[in-house]
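Chemist: A single structure is presented below for examination.
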Amino acid sequence: MGDRRNKNSITPSVEGCPVVTTLDVIGGKWKGIILYHLIDGPKRFNEFRRLYPGITQFMLTLQLRELERDGIIHREVYKQVPPKVEYSLTEFGRTLESIILSMRNWGDTYKDRLHDIRVLSQQGEEV
């Protein structure tokens, strides 16, 4: 008999998985945060550094370059002294807005629950 698998079912193979495609673009510790802050409008490099002092200059540069490479953000260089560079979402990048805002909403809803679960887990209690 032929293969009767549901084409929408989750399979062990990640090849061609649309979730993998999405995570390739927004995955990592900082990309989602960068995108979240760009929803409100353009930001300069040092604005990101002030918002999240834990991110190194190297990592911020790397994440911004990857997002720019994927066409998610636009890097605008203003020819002035001192030089000014702003990052903004492209039209294509704006297609991720609902995903990022859904992630924010989920985090707002479940952050306390996750905290409690993690505390219990560290104490060796059953969750």
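Order determines the names: the first chain of the structure tokens is A, the second B, and so forth; residues in each chain are numbered 1 upward, and ligands are numbered 1 upward as they are shown.
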Could you name the residues that touch Ile99 in chain A at 12 Å or less, counting only C-alpha atoms, but leaving out those on the same chain fewer than 2 positions away, as a list of chain:residue names?

Modeler: A:Val19, A:Thr22, A:Leu23, A:Val25, A:Ile26, A:Gly32, A:Leu35, A:Tyr36, A:Ile39, A:Gly93, A:Arg94, A:Thr95, A:Leu96, A:Glu97, A:Leu101, A:Ser102, A:Met103, A:Arg104, A:Asn105, A:Trp106

Chemist: Could you go through range 16-123 of chain A and tell me which residues DSSP, when run on the backbone, assigns to strand (DSSP E or B), listing them as number ranges by chain?

Modeler: A: 43-44, 73-78, 84-89

Chemist: To one decimal place in Å, what is the distance between CA of Leu114 in chain A and CA of Lys29 in chain A?

Modeler: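 Separation of CA of Leu114 in chain A and CA of Lys29 in chain A: 17.7 Å.
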
Chemist: Looking at only C-alpha atoms, which of A:Glu86, A:Glu66, A:Asp116, A:Glu76 is the one that sits closest to Gly27 in chain A?

Modeler: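 Ranked by minimum distance to Gly27 in chain A, first place goes to A:Glu66.
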
Chemist: In Å, how far is it from CA of Pro42 in chain A to CA of Phe58 in chain A?

Modeler: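 Rounded to one decimal, the two atoms are 20.2 Å apart.
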
Chemist: Find the residues around Asp24 in chain A up to 12 Å (only C-alpha atoms counted), leave out those fewer than 5 positions away in its own chain, and share them as a list in words.

Modeler: Gly16, Cys17, Pro18, Val19, Lys31, Gly32, Gln63, Glu66, Leu67 and Asp70 of chain A
